[in-house]
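Containing PDB, C-alpha atoms and all ligand atoms: final.pdb.
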```
MODEL        1
ATOM      1  CA  MET Z 105      24.868  81.464  -9.939  1.00  0.00           C
ATOM      2  CA  SER Z 106      23.963  79.163 -12.819  1.00  0.00           C
ATOM      3  CA  ASN Z 107      27.244  80.088 -14.510  1.00  0.00           C
ATOM      4  CA  TYR Z 108      29.179  78.255 -11.811  1.00  0.00           C
ATOM      5  CA  ILE Z 109      26.704  75.452 -11.372  1.00  0.00           C
ATOM      6  CA  GLN Z 110      27.136  74.176 -14.890  1.00  0.00           C
ATOM      7  CA  PHE Z 111      30.673  73.089 -13.971  1.00  0.00           C
ATOM      8  CA  ILE Z 112      29.573  70.975 -11.011  1.00  0.00           C
ATOM      9  CA  PRO Z 113      28.924  67.316 -11.891  1.00  0.00           C
ATOM     10  CA  LYS Z 114      25.201  66.475 -11.967  1.00  0.00           C
ATOM     11  CA  GLU Z 115      25.701  63.559  -9.554  1.00  0.00           C
ATOM     12  CA  LEU Z 116      27.199  65.905  -6.961  1.00  0.00           C
ATOM     13  CA  LEU Z 117      24.380  68.408  -7.477  1.00  0.00           C
ATOM     14  CA  ARG Z 118      21.836  65.629  -6.926  1.00  0.00           C
ATOM     15  CA  ASP Z 119      23.535  64.720  -3.628  1.00  0.00           C
ATOM     16  CA  ILE Z 120      23.509  68.358  -2.548  1.00  0.00           C
ATOM     17  CA  VAL Z 121      19.826  68.772  -3.401  1.00  0.00           C
ATOM     18  CA  THR Z 122      19.077  65.530  -1.507  1.00  0.00           C
ATOM     19  CA  ARG Z 123      20.843  67.032   1.490  1.00  0.00           C
ATOM     20  CA  VAL Z 124      18.973  70.320   1.271  1.00  0.00           C
ATOM     21  CA  ALA Z 125      15.627  68.524   1.006  1.00  0.00           C
ATOM     22  CA  ALA Z 126      16.440  66.381   4.040  1.00  0.00           C
ATOM     23  CA  PHE Z 127      16.874  69.518   6.122  1.00  0.00           C
ATOM     24  CA  SER Z 128      14.361  72.107   5.018  1.00  0.00           C
ATOM     25  CA  LEU Z 129      11.447  72.418   2.648  1.00  0.00           C
ATOM     26  CA  THR Z 130      11.873  76.200   2.339  1.00  0.00           C
ATOM     27  CA  ASP Z 131      15.521  75.862   1.384  1.00  0.00           C
ATOM     28  CA  TYR Z 132      14.624  73.149  -1.070  1.00  0.00           C
ATOM     29  CA  ILE Z 133      12.028  75.320  -2.772  1.00  0.00           C
ATOM     30  CA  ASN Z 134      14.514  78.193  -2.893  1.00  0.00           C
ATOM     31  CA  VAL Z 135      17.074  75.921  -4.519  1.00  0.00           C
ATOM     32  CA  LYS Z 136      14.517  74.925  -7.124  1.00  0.00           C
ATOM     33  CA  LEU Z 137      13.612  78.524  -7.828  1.00  0.00           C
ATOM     34  CA  SER Z 138      17.207  79.732  -7.976  1.00  0.00           C
ATOM     35  CA  CYS Z 139      17.996  78.478 -11.455  1.00  0.00           C
ATOM     36  CA  LYS Z 140      16.775  76.271 -14.236  1.00  0.00           C
ATOM     37  CA  MET Z 141      19.524  73.718 -13.873  1.00  0.00           C
ATOM     38  CA  LEU Z 142      18.977  73.229 -10.138  1.00  0.00           C
ATOM     39  CA  LYS Z 143      15.244  72.940 -10.751  1.00  0.00           C
ATOM     40  CA  GLU Z 144      15.954  70.164 -13.218  1.00  0.00           C
ATOM     41  CA  VAL Z 145      18.337  68.410 -10.827  1.00  0.00           C
ATOM     42  CA  ALA Z 146      15.813  68.704  -7.982  1.00  0.00           C
ATOM     43  CA  GLU Z 147      13.056  67.263 -10.101  1.00  0.00           C
ATOM     44  CA  ASN Z 148      15.222  64.408 -11.302  1.00  0.00           C
ATOM     45  CA  SER Z 149      16.320  63.649  -7.769  1.00  0.00           C
ATOM     46  CA  CYS Z 150      12.621  63.420  -6.906  1.00  0.00           C
ATOM     47  CA  VAL Z 151      13.286  64.748  -3.427  1.00  0.00           C
ATOM     48  CA  GLU Z 152       9.792  66.144  -3.917  1.00  0.00           C
ATOM     49  CA  VAL Z 153       8.640  63.895  -1.060  1.00  0.00           C
ATOM     50  CA  HIS Z 154       8.359  66.888   1.225  1.00  0.00           C
ATOM     51  CA  ILE Z 155       5.955  68.574  -1.127  1.00  0.00           C
ATOM     52  CA  ASP Z 156       4.064  65.714  -2.570  1.00  0.00           C
ATOM     53  CA  GLU Z 157       4.346  62.619  -0.422  1.00  0.00           C
ATOM     54  CA  THR Z 158       1.682  60.709  -2.258  1.00  0.00           C
ATOM     55  CA  ASP Z 159       1.130  57.629  -4.321  1.00  0.00           C
ATOM     56  CA  ASP Z 160       0.666  59.917  -7.330  1.00  0.00           C
ATOM     57  CA  PHE Z 161       4.237  60.996  -6.962  1.00  0.00           C
ATOM     58  CA  ILE Z 162       5.486  57.404  -6.728  1.00  0.00           C
ATOM     59  CA  ASN Z 163       3.410  56.481  -9.749  1.00  0.00           C
ATOM     60  CA  ARG Z 164       4.923  59.371 -11.671  1.00  0.00           C
ATOM     61  CA  CYS Z 165       8.417  58.130 -10.840  1.00  0.00           C
ATOM     62  CA  LEU Z 166       7.418  54.599 -11.828  1.00  0.00           C
ATOM     63  CA  GLU Z 167       5.925  55.780 -15.103  1.00  0.00           C
ATOM     64  CA  ASN Z 168       9.093  57.708 -15.886  1.00  0.00           C
ATOM     65  CA  GLY Z 169      11.279  54.794 -14.840  1.00  0.00           C
ATOM     66  CA  ASN Z 170      12.861  57.075 -12.248  1.00  0.00           C
ATOM     67  CA  SER Z 171      14.159  54.327  -9.975  1.00  0.00           C
ATOM     68  CA  ASP Z 172      17.082  56.430  -8.787  1.00  0.00           C
ATOM     69  CA  ALA Z 173      14.754  59.067  -7.358  1.00  0.00           C
ATOM     70  CA  LEU Z 174      12.772  56.465  -5.440  1.00  0.00           C
ATOM     71  CA  TYR Z 175      16.005  54.974  -4.114  1.00  0.00           C
ATOM     72  CA  ARG Z 176      17.238  58.355  -2.884  1.00  0.00           C
ATOM     73  CA  LEU Z 177      13.930  59.074  -1.218  1.00  0.00           C
ATOM     74  CA  GLY Z 178      13.982  55.688   0.479  1.00  0.00           C
ATOM     75  CA  MET Z 179      17.470  56.379   1.851  1.00  0.00           C
ATOM     76  CA  VAL Z 180      16.491  59.802   3.192  1.00  0.00           C
ATOM     77  CA  GLN Z 181      13.270  58.426   4.701  1.00  0.00           C
ATOM     78  CA  TYR Z 182      15.095  55.666   6.583  1.00  0.00           C
ATOM     79  CA  PHE Z 183      18.284  57.338   7.730  1.00  0.00           C
ATOM     80  CA  GLY Z 184      17.123  60.950   7.902  1.00  0.00           C
ATOM     81  CA  HIS Z 185      13.488  60.715   8.967  1.00  0.00           C
ATOM     82  CA  ASP Z 186      13.433  57.330  10.732  1.00  0.00           C
ATOM     83  CA  ASN Z 187      10.383  56.404   8.693  1.00  0.00           C
ATOM     84  CA  LEU Z 188      10.678  52.682   7.970  1.00  0.00           C
ATOM     85  CA  ASP Z 189       7.300  52.353   6.244  1.00  0.00           C
ATOM     86  CA  MET Z 190       7.907  55.173   3.790  1.00  0.00           C
ATOM     87  CA  ALA Z 191      11.487  54.049   3.226  1.00  0.00           C
ATOM     88  CA  LEU Z 192      10.399  50.526   2.308  1.00  0.00           C
ATOM     89  CA  LYS Z 193       7.599  51.837   0.147  1.00  0.00           C
ATOM     90  CA  TYR Z 194      10.041  53.872  -1.962  1.00  0.00           C
ATOM     91  CA  LEU Z 195      12.807  51.275  -1.952  1.00  0.00           C
ATOM     92  CA  ASN Z 196      10.511  48.410  -2.930  1.00  0.00           C
ATOM     93  CA  LYS Z 197       9.187  50.470  -5.848  1.00  0.00           C
ATOM     94  CA  SER Z 198      12.728  51.353  -6.867  1.00  0.00           C
ATOM     95  CA  GLY Z 199      13.699  47.672  -6.524  1.00  0.00           C
ATOM     96  CA  SER Z 200      10.774  46.740  -8.747  1.00  0.00           C
ATOM     97  CA  LEU Z 201      12.580  48.749 -11.443  1.00  0.00           C
ATOM     98  CA  ASP Z 202      15.729  46.718 -10.695  1.00  0.00           C
ATOM     99  CA  HIS Z 203      17.692  49.452  -8.927  1.00  0.00           C
ATOM    100  CA  VAL Z 204      20.676  47.737  -7.269  1.00  0.00           C
ATOM    101  CA  GLY Z 205      21.131  50.639  -4.828  1.00  0.00           C
ATOM    102  CA  ALA Z 206      17.584  50.026  -3.598  1.00  0.00           C
ATOM    103  CA  TYR Z 207      18.347  46.317  -3.105  1.00  0.00           C
ATOM    104  CA  TYR Z 208      21.480  47.284  -1.214  1.00  0.00           C
ATOM    105  CA  VAL Z 209      19.726  49.698   1.147  1.00  0.00           C
ATOM    106  CA  ILE Z 210      16.896  47.168   1.709  1.00  0.00           C
ATOM    107  CA  CYS Z 211      19.558  44.624   2.796  1.00  0.00           C
ATOM    108  CA  ILE Z 212      21.075  47.118   5.233  1.00  0.00           C
ATOM    109  CA  ILE Z 213      17.603  47.870   6.658  1.00  0.00           C
ATOM    110  CA  LEU Z 214      16.828  44.148   6.990  1.00  0.00           C
ATOM    111  CA  ILE Z 215      20.092  43.598   8.866  1.00  0.00           C
ATOM    112  CA  TYR Z 216      19.269  46.489  11.205  1.00  0.00           C
ATOM    113  CA  SER Z 217      15.813  44.997  11.744  1.00  0.00           C
ATOM    114  CA  GLY Z 218      17.249  41.841  13.367  1.00  0.00           C
ATOM    115  CA  ASP Z 219      15.993  38.257  13.779  1.00  0.00           C
ATOM    116  CA  ASN Z 220      14.506  36.716  10.657  1.00  0.00           C
ATOM    117  CA  PHE Z 221      14.764  40.026   8.796  1.00  0.00           C
ATOM    118  CA  MET Z 222      18.486  39.966   9.413  1.00  0.00           C
ATOM    119  CA  LYS Z 223      18.720  36.417   8.033  1.00  0.00           C
ATOM    120  CA  GLU Z 224      16.885  37.557   4.928  1.00  0.00           C
ATOM    121  CA  GLY Z 225      19.204  40.555   4.570  1.00  0.00           C
ATOM    122  CA  VAL Z 226      22.286  38.345   4.985  1.00  0.00           C
ATOM    123  CA  ASN Z 227      21.032  35.913   2.335  1.00  0.00           C
ATOM    124  CA  PHE Z 228      20.188  38.654  -0.125  1.00  0.00           C
ATOM    125  CA  LEU Z 229      23.356  40.707   0.370  1.00  0.00           C
ATOM    126  CA  SER Z 230      25.743  37.741   0.371  1.00  0.00           C
ATOM    127  CA  THR Z 231      24.071  36.398  -2.781  1.00  0.00           C
ATOM    128  CA  MET Z 232      24.620  39.756  -4.490  1.00  0.00           C
ATOM    129  CA  LYS Z 233      28.267  39.677  -3.451  1.00  0.00           C
ATOM    130  CA  LEU Z 234      28.807  36.257  -5.031  1.00  0.00           C
ATOM    131  CA  SER Z 235      28.913  37.817  -8.472  1.00  0.00           C
ATOM    132  CA  ARG Z 236      31.817  40.003  -9.418  1.00  0.00           C
ATOM    133  CA  GLU Z 237      29.546  42.313 -11.385  1.00  0.00           C
ATOM    134  CA  TYR Z 238      27.271  42.780  -8.385  1.00  0.00           C
ATOM    135  CA  ARG Z 239      30.222  43.227  -6.027  1.00  0.00           C
ATOM    136  CA  LYS Z 240      31.243  46.230  -8.099  1.00  0.00           C
ATOM    137  CA  ARG Z 241      27.750  47.632  -7.915  1.00  0.00           C
ATOM    138  CA  VAL Z 242      27.469  46.941  -4.187  1.00  0.00           C
ATOM    139  CA  LYS Z 243      30.710  48.852  -3.721  1.00  0.00           C
ATOM    140  CA  PHE Z 244      29.374  51.746  -5.809  1.00  0.00           C
ATOM    141  CA  TYR Z 245      26.152  51.989  -3.802  1.00  0.00           C
ATOM    142  CA  ARG Z 246      27.941  51.496  -0.496  1.00  0.00           C
ATOM    143  CA  GLU Z 247      30.114  54.487  -1.349  1.00  0.00           C
ATOM    144  CA  HIS Z 248      27.041  56.455  -2.386  1.00  0.00           C
ATOM    145  CA  LEU Z 249      25.225  55.600   0.856  1.00  0.00           C
ATOM    146  CA  ILE Z 250      28.285  56.684   2.850  1.00  0.00           C
ATOM    147  CA  ARG Z 251      28.387  59.947   0.900  1.00  0.00           C
ATOM    148  CA  ILE Z 252      24.698  60.623   1.570  1.00  0.00           C
ATOM    149  CA  LEU Z 253      25.138  59.763   5.269  1.00  0.00           C
ATOM    150  CA  GLY Z 254      27.832  62.416   5.397  1.00  0.00           C
ATOM    151  CA  LEU Z 255      25.473  64.955   3.867  1.00  0.00           C
ATOM    152  CA  ILE Z 256      22.246  64.433   5.802  1.00  0.00           C
ATOM    153  CA  SER Z 257      21.481  64.500   9.474  1.00  0.00           C
ATOM    154  CA  ILE Z 258      21.045  60.885  10.651  1.00  0.00           C
ATOM    155  CA  ASN Z 259      17.972  60.623  12.869  1.00  0.00           C
ATOM    156  CA  ASN Z 260      17.210  56.927  12.785  1.00  0.00           C
ATOM    157  CA  SER Z 261      17.289  55.738  16.400  1.00  0.00           C
ATOM    158  CA  THR Z 262      18.030  52.117  15.424  1.00  0.00           C
ATOM    159  CA  VAL Z 263      20.970  53.166  13.276  1.00  0.00           C
ATOM    160  CA  LEU Z 264      22.269  55.528  15.959  1.00  0.00           C
ATOM    161  CA  ARG Z 265      21.966  53.030  18.814  1.00  0.00           C
ATOM    162  CA  ARG Z 266      22.641  49.613  17.324  1.00  0.00           C
ATOM    163  CA  ARG Z 267      25.557  47.873  15.657  1.00  0.00           C
ATOM    164  CA  PRO Z 268      24.030  44.561  14.570  1.00  0.00           C
ATOM    165  CA  ILE Z 269      26.328  41.546  14.290  1.00  0.00           C
ATOM    166  CA  CYS Z 270      25.411  39.025  11.590  1.00  0.00           C
ATOM    167  CA  CYS Z 271      27.861  36.208  12.401  1.00  0.00           C
ATOM    168  CA  THR Z 272      28.028  34.960  15.960  1.00  0.00           C
ATOM    169  CA  LYS Z 273      30.454  32.138  15.215  1.00  0.00           C
ATOM    170  CA  ASN Z 274      33.696  34.050  15.508  1.00  0.00           C
ATOM    171  CA  HIS Z 275      34.942  32.878  12.131  1.00  0.00           C
ATOM    172  CA  LYS Z 276      38.479  33.522  11.112  1.00  0.00           C
ATOM    173  CA  LEU Z 277      38.342  35.784   8.063  1.00  0.00           C
ATOM    174  CA  VAL Z 278      39.653  33.973   5.035  1.00  0.00           C
ATOM    175  CA  THR Z 279      39.563  35.545   1.630  1.00  0.00           C
ATOM    176  CA  ARG Z 280      36.932  33.766  -0.363  1.00  0.00           C
ATOM    177  CA  TYR Z 281      37.706  34.909  -3.854  1.00  0.00           C
ATOM    178  CA  ALA Z 282      41.452  35.289  -3.538  1.00  0.00           C
ATOM    179  CA  LEU Z 283      42.082  33.276  -6.684  1.00  0.00           C
ATOM    180  CA  VAL Z 284      39.379  34.861  -8.786  1.00  0.00           C
ATOM    181  CA  GLY Z 285      41.510  37.629 -10.188  1.00  0.00           C
ATOM    182  CA  VAL Z 286      43.743  40.473  -9.146  1.00  0.00           C
ATOM    183  CA  GLU Z 287      41.595  43.134 -10.725  1.00  0.00           C
ATOM    184  CA  ASP Z 288      38.845  42.405  -8.213  1.00  0.00           C
ATOM    185  CA  ASP Z 289      39.502  45.205  -5.769  1.00  0.00           C
ATOM    186  CA  GLU Z 290      37.130  43.899  -3.136  1.00  0.00           C
ATOM    187  CA  GLU Z 291      39.290  41.827  -0.843  1.00  0.00           C
ATOM    188  CA  ASP Z 292      37.024  41.301   2.087  1.00  0.00           C
ATOM    189  CA  TYR Z 293      35.225  38.160   1.007  1.00  0.00           C
ATOM    190  CA  VAL Z 294      35.073  35.363   3.511  1.00  0.00           C
ATOM    191  CA  PHE Z 295      33.712  31.839   3.542  1.00  0.00           C
ATOM    192  CA  CYS Z 296      30.743  32.708   5.706  1.00  0.00           C
ATOM    193  CA  ASP Z 297      27.791  34.712   4.336  1.00  0.00           C
ATOM    194  CA  ALA Z 298      27.151  36.360   7.679  1.00  0.00           C
ATOM    195  CA  CYS Z 299      30.815  37.390   8.003  1.00  0.00           C
ATOM    196  CA  THR Z 300      30.624  38.904   4.520  1.00  0.00           C
ATOM    197  CA  CYS Z 301      27.741  41.039   5.745  1.00  0.00           C
ATOM    198  CA  ASP Z 302      29.545  41.999   8.962  1.00  0.00           C
ATOM    199  CA  ILE Z 303      32.383  43.345   6.848  1.00  0.00           C
ATOM    200  CA  GLU Z 304      29.882  45.232   4.695  1.00  0.00           C
ATOM    201  CA  MET Z 305      28.212  46.726   7.776  1.00  0.00           C
ATOM    202  CA  ALA Z 306      31.577  47.767   9.214  1.00  0.00           C
ATOM    203  CA  TYR Z 307      31.985  50.229   6.317  1.00  0.00           C
ATOM    204  CA  ILE Z 308      28.731  51.886   7.379  1.00  0.00           C
ATOM    205  CA  PHE Z 309      29.418  51.770  11.128  1.00  0.00           C
ATOM    206  CA  ALA Z 310      32.706  53.544  10.451  1.00  0.00           C
ATOM    207  CA  VAL Z 311      30.915  56.701   9.307  1.00  0.00           C
ATOM    208  CA  LEU Z 312      28.255  56.752  12.043  1.00  0.00           C
ATOM    209  CA  PRO Z 313      28.599  58.775  15.234  1.00  0.00           C
ATOM    210  CA  PRO Z 314      30.078  56.617  18.031  1.00  0.00           C
ATOM    211  CA  LEU Z 315      27.598  54.779  20.284  1.00  0.00           C
TER
HETATM  212 ZN    ZN Z 401      30.948  33.887  10.011  1.00  0.00          ZN
ENDMDL
END
```
Output the file's structure as structure tokens, nothing else.
Ligand SMILES: [Zn+2]
Amino acid sequence: MSNYIQFIPKELLRDIVTRVAAFSLTDYINVKLSCKMLKEVAENSCVEVHIDETDDFINRCLENGNSDALYRLGMVQYFGHDNLDMALKYLNKSGSLDHVGAYYVICIILIYSGDNFMKEGVNFLSTMKLSREYRKRVKFYREHLIRILGLISINNSTVLRRRPICCTKNHKLVTRYALVGVEDDEEDYVFCDACTCDIEMAYIFAVLPPL
């Protein structure tokens, strides 16, 4: 098996292992045992949550600077296991190591959480999208989140039942950064922060099962 696996990009393998871990501990262990490369990928993905859901584990990731692992775990905990506390625990730790994907997922969670949390999420996400550099990274992590959502089983009742709306003012969408430069491939920027976030959320709603 390992002969074929070496040709699969590591990033794809990490997504697959994340998916396996979200479904079944036994399968996950089998994956780890099946070959050296998969064991390495599994360990680097830190989907070890199912085995070792402890502060020790988080500390190990922090010590190793493994922010990506904590981010992946946070995603799986929120969307797959509907465990907000664990999700925020992992994502906040990942964010403390400056992982933009963790910031992004925290914003999405805040928006889903409504009221003042939503306001906080809108502020944070729209601020990130003010910078071209961050817009690129937001796009990257949005696409990654969408990929993971396609791989795991979504069990978060809030995500399955709600489609939060950030802007209630019915703004006409006007491109905000139209003059910034043609190479900016994000064209959905509008003058209102909340509208910006509604457009961001629409990408995610599009891949969720219908209400
Ligand atoms: Zn608006």
Practice task
Could you jot down the CA of Lys197 in chain Z to CA of Val180 in chain Z separation for me, Å, one decimal place?
Solution key: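 Atom-to-atom, CA of Lys197 in chain Z to CA of Val180 in chain Z, that is 14.9 Å.
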Practice task
Would you mind listing the residues within 10 Å of ligand ZN 401 (chain Z), counting all atoms listed in the file, as a PyMOL selection string?
Solution key: chain Z and resi 269-277+294-302
Practice task
Have a look at CA of Leu116 in chain Z and CA of Ser200 in chain Z and let me know their distance in Å, one decimal.
Solution key: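 Rounded to one decimal, the two atoms are 25.3 Å apart.
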Problem - Selection: 12 Å around range 224-230 of chain Z, all atoms listed in the file, excl. self and same-chain fewer than 6 positions, as a PyMOL selection string - result: chain Z and resi 204-218+236+238-239+241-243+246+268-271+280+292-305
Handout entry: CA of His248 in chain Z to CA of Phe183 in chain Z, straight-line distance in Å
Key =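 So the answer is 13.4 Å.
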Exercise for the section: Have a look at Z:Lys240, Z:Asn163, Z:Leu315, Z:Leu255 and name the one nearest to Gly184 in chain Z; count all atoms listed in the file. Expected result: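 Using all atoms listed in the file, Gly184 in chain Z sits closest to Z:Leu255.
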Would you place a box with edges along x, y and z of the file around all atoms of range 107-124 of chain Z listed there, add 8 Å to each of its six sides, and report the centre and edge lengths in Å to one decimal, as AutoDock Vina command-line options?
```
--center_x 24.8 --center_y 71.8 --center_z -6.7 --size_x 27.7 --size_y 32.5 --size_z 32.4
```
Problem - Which of Z:Ile252, Z:Arg266, Z:Tyr182, Z:Leu166 sits closest to Leu117 in chain Z [using all atoms listed in the file] - result: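 Of all the options, Z:Ile252 lies closest to Leu117 in chain Z.
Across the chains present, the PyMOL selection byres (((chain Z and resi 261) around 10) and not hetatm) applied to this file returns Z:Phe183, Z:Gly184, Z:His185, Z:Asp186, Z:Ile258, Z:Asn259, Z:Asn260, Z:Thr262, Z:Val263, Z:Leu264, Z:Arg265, Z:Arg266.
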